[in-house]
>>> print(open('final-v3.txt').read())   # compact mmCIF, C-alpha atoms
# COMPACT_ATOMS: atom_id res chain seq x y z
CA MET A 11 4.69 -18.02 7.50
CA LEU A 12 4.39 -15.93 4.36
CA LEU A 13 2.15 -12.87 4.27
CA GLU A 14 1.62 -11.14 0.93
CA ILE A 15 -0.21 -7.82 1.03
CA PHE A 16 -1.64 -6.21 -2.07
CA ALA A 17 -1.90 -2.46 -1.54
CA ASP A 18 -1.83 0.88 -3.35
CA THR A 19 0.02 4.00 -2.31
CA VAL A 20 -3.05 6.25 -2.67
CA CYS A 21 -5.33 3.94 -0.68
CA PRO A 22 -6.18 5.36 2.76
CA TRP A 23 -7.49 2.01 3.98
CA CYS A 24 -4.17 0.42 3.02
CA TYR A 25 -2.43 2.95 5.27
CA ILE A 26 -4.84 2.09 8.08
CA GLY A 27 -4.43 -1.63 7.41
CA LYS A 28 -0.65 -1.32 7.60
CA ARG A 29 -0.87 0.43 10.97
CA ARG A 30 -3.23 -2.25 12.27
CA LEU A 31 -0.89 -4.98 11.10
CA ILE A 32 2.00 -3.31 12.93
CA ARG A 33 -0.13 -3.09 16.04
CA ALA A 34 -1.13 -6.74 15.74
CA LEU A 35 2.49 -7.84 15.39
CA ALA A 36 3.52 -5.71 18.37
CA GLU A 37 0.85 -7.34 20.51
CA ARG A 38 1.36 -10.85 19.14
CA PRO A 39 4.81 -11.23 17.49
CA GLN A 40 5.25 -13.78 14.70
CA PRO A 41 8.99 -14.57 14.67
CA ALA A 42 8.95 -16.60 11.45
CA LEU A 43 6.76 -14.17 9.52
CA VAL A 44 7.91 -13.01 6.08
CA VAL A 45 5.99 -10.01 4.71
CA ARG A 46 5.90 -9.16 1.02
CA TRP A 47 4.15 -6.03 -0.25
CA ARG A 48 2.55 -6.48 -3.67
CA ALA A 49 1.54 -3.83 -6.18
CA PHE A 50 -2.10 -3.00 -6.88
CA GLN A 51 -3.33 0.03 -8.80
CA LEU A 52 -6.72 1.35 -7.82
CA ASN A 53 -6.67 3.44 -11.00
CA PRO A 54 -4.66 1.49 -13.59
CA GLY A 55 -5.90 3.75 -16.39
CA MET A 56 -4.79 6.95 -14.68
CA PRO A 57 -2.68 9.24 -16.92
CA MET A 58 0.98 9.13 -15.93
CA GLY A 59 0.79 12.78 -14.91
CA GLY A 60 -2.29 12.20 -12.76
CA ILE A 61 -5.38 14.40 -12.76
CA ASP A 62 -6.81 17.26 -10.76
CA ARG A 63 -8.06 15.99 -7.40
CA ALA A 64 -11.38 17.83 -7.50
CA GLN A 65 -12.09 16.47 -10.96
CA TYR A 66 -11.27 12.94 -9.81
CA MET A 67 -13.39 13.18 -6.67
CA THR A 68 -16.38 14.53 -8.58
CA ALA A 69 -16.15 11.72 -11.12
CA LYS A 70 -15.76 9.05 -8.43
CA PHE A 71 -18.31 10.21 -5.85
CA GLY A 72 -20.65 12.40 -7.84
CA SER A 73 -19.82 15.59 -5.94
CA LEU A 74 -17.11 17.08 -3.77
CA GLU A 75 -19.56 17.26 -0.86
CA ARG A 76 -20.18 13.53 -0.94
CA ALA A 77 -16.46 12.84 -1.22
CA GLN A 78 -15.81 15.03 1.80
CA ARG A 79 -18.35 13.11 3.89
CA VAL A 80 -16.72 9.81 2.93
CA PHE A 81 -13.24 11.01 3.80
CA GLU A 82 -14.35 12.52 7.09
CA GLY A 83 -15.26 8.99 8.14
CA VAL A 84 -11.91 7.65 6.97
CA ALA A 85 -10.11 10.41 8.89
CA ARG A 86 -11.94 9.49 12.10
CA VAL A 87 -10.79 5.88 11.78
CA GLY A 88 -7.28 7.04 10.93
CA ARG A 89 -6.99 9.12 14.09
CA HIS A 90 -7.46 5.94 16.15
CA GLU A 91 -4.40 4.52 14.39
CA GLY A 92 -2.30 7.66 14.86
CA ILE A 93 -2.73 8.87 11.27
CA ASP A 94 -3.35 12.54 10.57
CA PHE A 95 -5.20 12.38 7.26
CA ARG A 96 -5.22 15.78 5.55
CA PHE A 97 -7.30 15.14 2.46
CA ASP A 98 -7.78 18.90 2.08
CA ARG A 99 -4.11 19.28 1.17
CA ILE A 100 -4.25 16.85 -1.76
CA THR A 101 -4.57 18.71 -5.05
CA ARG A 102 -3.70 15.94 -7.50
CA THR A 103 -4.57 12.24 -7.79
CA PRO A 104 -1.44 10.56 -9.17
CA ASN A 105 -0.71 7.51 -11.23
CA THR A 106 0.92 5.12 -8.73
CA LEU A 107 2.99 2.93 -11.05
CA ARG A 108 6.21 4.83 -10.38
CA SER A 109 5.72 4.53 -6.64
CA HIS A 110 5.22 0.76 -6.97
CA ARG A 111 8.39 0.48 -9.04
CA LEU A 112 10.24 2.28 -6.29
CA ILE A 113 8.82 0.00 -3.59
CA GLN A 114 10.03 -3.00 -5.61
CA ALA A 115 13.53 -1.49 -5.65
CA ALA A 116 13.40 -0.75 -1.91
CA SER A 117 12.38 -4.35 -1.20
CA ARG A 118 15.78 -5.53 -2.34
CA ILE A 119 17.42 -3.77 0.61
CA GLY A 120 14.61 -4.52 3.06
CA ARG A 121 13.32 -0.92 3.09
CA GLU A 122 9.96 -1.31 1.36
CA SER A 123 7.94 -0.86 4.55
CA ALA A 124 9.81 2.33 5.44
CA LEU A 125 9.32 3.69 1.94
CA MET A 126 5.60 2.93 2.02
CA ASP A 127 5.29 4.80 5.31
CA ARG A 128 7.10 7.77 3.78
CA LEU A 129 4.90 7.76 0.69
CA TYR A 130 1.71 7.48 2.74
CA SER A 131 2.81 10.37 4.94
CA ALA A 132 3.79 12.47 1.94
CA TYR A 133 0.49 11.94 0.18
CA PHE A 134 -2.05 11.80 2.97
CA THR A 135 -0.51 14.26 5.44
CA GLU A 136 1.57 16.62 3.30
CA GLY A 137 -0.59 16.50 0.17
CA ALA A 138 2.44 15.80 -2.04
CA ASP A 139 2.22 14.47 -5.58
CA ILE A 140 3.67 10.98 -5.22
CA GLY A 141 3.48 10.45 -8.95
CA ASP A 142 6.21 13.03 -9.51
CA ALA A 143 9.52 11.36 -10.34
CA ALA A 144 11.73 13.93 -8.61
CA ALA A 145 9.69 13.75 -5.41
CA LEU A 146 9.78 9.95 -5.44
CA ILE A 147 13.56 9.90 -5.80
CA ARG A 148 13.85 12.34 -2.89
CA TYR A 149 11.67 10.15 -0.64
CA ALA A 150 13.67 7.08 -1.64
CA GLU A 151 16.92 8.77 -0.67
CA GLU A 152 15.41 9.66 2.71
CA ILE A 153 14.95 5.97 3.55
CA GLY A 154 18.38 4.93 2.30
CA LEU A 155 17.84 3.93 -1.33
CA PRO A 156 20.76 5.06 -3.54
CA PRO A 157 19.71 7.87 -5.93
CA GLU A 158 20.85 5.97 -9.01
CA THR A 159 18.73 2.98 -8.00
CA ALA A 160 15.74 5.21 -7.37
CA GLN A 161 16.24 6.94 -10.72
CA SER A 162 16.34 3.62 -12.53
CA ALA A 163 13.23 2.43 -10.72
CA VAL A 164 11.01 5.40 -11.50
CA GLU A 165 12.13 5.23 -15.14
CA GLY A 166 10.97 1.62 -15.24
CA LEU A 167 14.23 -0.27 -15.55
CA PRO A 168 13.57 -3.10 -14.72
CA GLU A 169 11.03 -2.73 -11.89
CA ILE A 170 8.15 -1.82 -14.19
CA ASP A 171 7.77 -5.47 -15.21
CA MET A 172 7.62 -6.63 -11.59
CA ALA A 173 5.13 -3.96 -10.56
CA LEU A 174 2.85 -4.52 -13.53
CA ASN A 175 3.09 -8.29 -13.19
CA GLU A 176 1.98 -8.09 -9.56
CA ASP A 177 -0.90 -5.83 -10.51
CA PHE A 178 -1.94 -8.27 -13.25
CA GLN A 179 -1.61 -11.15 -10.79
CA SER A 180 -4.03 -9.46 -8.40
CA ARG A 181 -6.63 -9.24 -11.18
CA ARG A 182 -6.18 -12.92 -11.99
CA LEU A 183 -6.71 -13.73 -8.34
CA GLY A 184 -9.99 -11.81 -8.41
CA ILE A 185 -8.80 -9.04 -6.10
CA THR A 186 -10.87 -5.92 -6.69
CA GLY A 187 -10.09 -3.92 -3.55
CA VAL A 188 -7.21 -3.39 -1.19
CA PRO A 189 -5.66 -3.97 1.23
CA TYR A 190 -5.82 -7.68 0.56
CA PHE A 191 -3.83 -10.12 2.70
CA ILE A 192 -2.83 -13.62 1.55
CA PHE A 193 -1.36 -15.98 4.15
CA ASN A 194 0.87 -18.82 2.91
CA GLY A 195 -0.50 -18.37 -0.59
CA ARG A 196 -3.75 -19.99 0.52
CA PHE A 197 -5.82 -17.91 2.92
CA GLY A 198 -7.16 -14.54 1.83
CA LEU A 199 -8.38 -11.66 3.94
CA SER A 200 -9.85 -8.47 2.52
CA GLY A 201 -9.88 -5.05 4.15
CA ALA A 202 -8.11 -3.11 6.89
CA GLN A 203 -8.98 -5.58 9.61
CA GLU A 204 -8.58 -5.07 13.34
CA PRO A 205 -5.73 -6.94 15.09
CA GLU A 206 -8.14 -9.50 16.55
CA VAL A 207 -9.04 -10.68 13.04
CA LEU A 208 -5.37 -10.86 12.10
CA TYR A 209 -4.67 -12.99 15.18
CA ASN A 210 -7.06 -15.62 13.84
CA MET A 211 -5.29 -15.60 10.48
CA PHE A 212 -1.90 -15.94 12.19
CA ASP A 213 -3.21 -19.01 14.02
CA LEU A 214 -4.60 -20.48 10.80
CA ALA A 215 -1.34 -19.94 8.93
CA ARG A 216 0.76 -21.41 11.76
CA GLU A 217 -1.44 -24.52 11.78
CA ASP A 218 -0.98 -24.73 8.03
CA ASP A 219 2.78 -24.55 8.52
CA ARG A 220 2.65 -27.38 11.05
CA GLU A 221 0.54 -29.57 8.77
CA ARG A 222 2.87 -29.01 5.85
CA ALA A 223 5.91 -29.82 7.99
CA ALA A 224 4.30 -33.03 9.22
CA SER A 225 3.25 -34.24 5.77
>>> encode(input="final-v3.txt", output="structure tokens")
Amino acid sequence: MLLEIFADTVCPWCYIGKRRLIRALAERPQPALVVRWRAFQLNPGMPMGGIDRAQYMTAKFGSLERAQRVFEGVARVGRHEGIDFRFDRITRTPNTLRSHRLIQAASRIGRESALMDRLYSAYFTEGADIGDAAALIRYAEEIGLPPETAQSAVEGLPEIDMALNEDFQSRRLGITGVPYFIFNGRFGLSGAQEPEVLYNMFDLAREDDRERAAS
């Protein structure tokens, strides 16, 4: 069973969705499951240096007060998944391309999930700028990625093509929001779904595997 997950590193619902997937797999293991994380940029036109968080929130939600109300709801959901969202600590909304390049590099040593967890924690709990190259290299080293590999990744050699290609692929598929789960390249599921919904998709994908094997 192949599960591809399109996600962004500044998406709080992607963080929640990842935690719910982990919980679903703990409660109902899928021994033959292969998970691939795919790049998606919520803000593909974001300047490489990012922008001031207050400016971004005002442009997106109309006012800081409205943004705060929205994120209070997200934080409540996050607490149920063991996530301590600290949106008040975030001062800059970053461009996420470098972080996606780094995740691509980490995938080659099977550490992409660990790196994503570190990036989510850095951004949503610590308020760090995960668009900053030096910070990204430091986080990569923490999860076991060699510094020279991390350096090459954030500079775009050659992971930029892979990250951008995945982002372009998501647009071609009609994906407009994340997280977005694709099972066996055929069955799509949008949103940070509860484990019970994921169980149904596991069953559907396993049946698809059986039908393919029998044909």
>>> residues_around(input="final-v3.txt", residues="segment 15-17 of chain A", least_positions_apart="4", cutoff="12 Å", atoms="only C-alpha atoms", output="JSON, numbers by chain")
{"A": [21, 22, 23, 24, 25, 26, 27, 28, 31, 44, 45, 46, 47, 48, 49, 50, 51, 52, 106, 107, 109, 110, 113, 123, 126, 130, 173, 176, 177, 178, 179, 180, 181, 183, 184, 185, 186, 187, 188, 189, 190, 191, 192, 193, 194, 195, 197, 198, 199, 200, 201, 202]}
>>> atom_distance(input="final-v3.txt", atom1="atom CA of Arg63 of chain A", atom2="atom CA of Ala143 of chain A")
18.4 Å
>>> atom_distance(input="final-v3.txt", atom1="atom CA of Ala42 of chain A", atom2="atom CA of Arg128 of chain A")
25.6 Å
>>> closest_residue(input="final-v3.txt", among="A:Glu136, A:Glu122, A:Glu14, A:Glu204", to="His90 of chain A", atoms="only C-alpha atoms")
A:Glu204
>>> axis_aligned_box(input="final-v3.txt", around="segment 119-130 of chain A", padding_each_side="8 Å", output="AutoDock Vina command-line options")
--center_x 9.6 --center_y 1.6 --center_z 3.0 --size_x 31.7 --size_y 28.3 --size_z 20.8
>>> closest_residue(input="final-v3.txt", among="A:Ala34, A:Val164, A:Met11, A:Met56", to="Arg216 of chain A", atoms="only C-alpha atoms")
A:Met11
>>> closest_residue(input="final-v3.txt", among="A:Ile100, A:Ala223, A:Val80, A:Met172", to="Ala132 of chain A", atoms="all atoms listed in the file")
A:Ile100
>>> closest_residue(input="final-v3.txt", among="A:Gly92, A:Pro156, A:Pro104, A:Gly141", to="Arg30 of chain A", atoms="only C-alpha atoms")
A:Gly92
>>> residues_around(input="final-v3.txt", residues="Asp142 of chain A", least_positions_apart="5", cutoff="12 Å", atoms="all atoms listed in the file", output="list in words")
Met58, Gly59, Gly60, Arg102, Thr103, Pro104, Asn105, Thr106, Leu107, Arg108, Ser109, Leu112, Leu129, Ala132, Tyr133, Ile147, Arg148, Tyr149, Gln161, Val164 and Glu165 of chain A
>>> closest_residue(input="final-v3.txt", among="A:Met67, A:Val20, A:Leu174, A:Ala224", to="Phe95 of chain A", atoms="all atoms listed in the file")
A:Val20
>>> closest_residue(input="final-v3.txt", among="A:Glu151, A:Glu91, A:Glu75, A:Asp139", to="Asp62 of chain A", atoms="all atoms listed in the file")
A:Asp139
>>> atom_distance(input="final-v3.txt", atom1="atom CA of Ala64 of chain A", atom2="atom CA of Ile93 of chain A")
22.5 Å
>>> residues_around(input="final-v3.txt", residues="Glu37 of chain A", least_positions_apart="4", cutoff="12 Å", atoms="all atoms listed in the file", output="ChimeraX atom specification")
/A:30-33,205-206,208-209
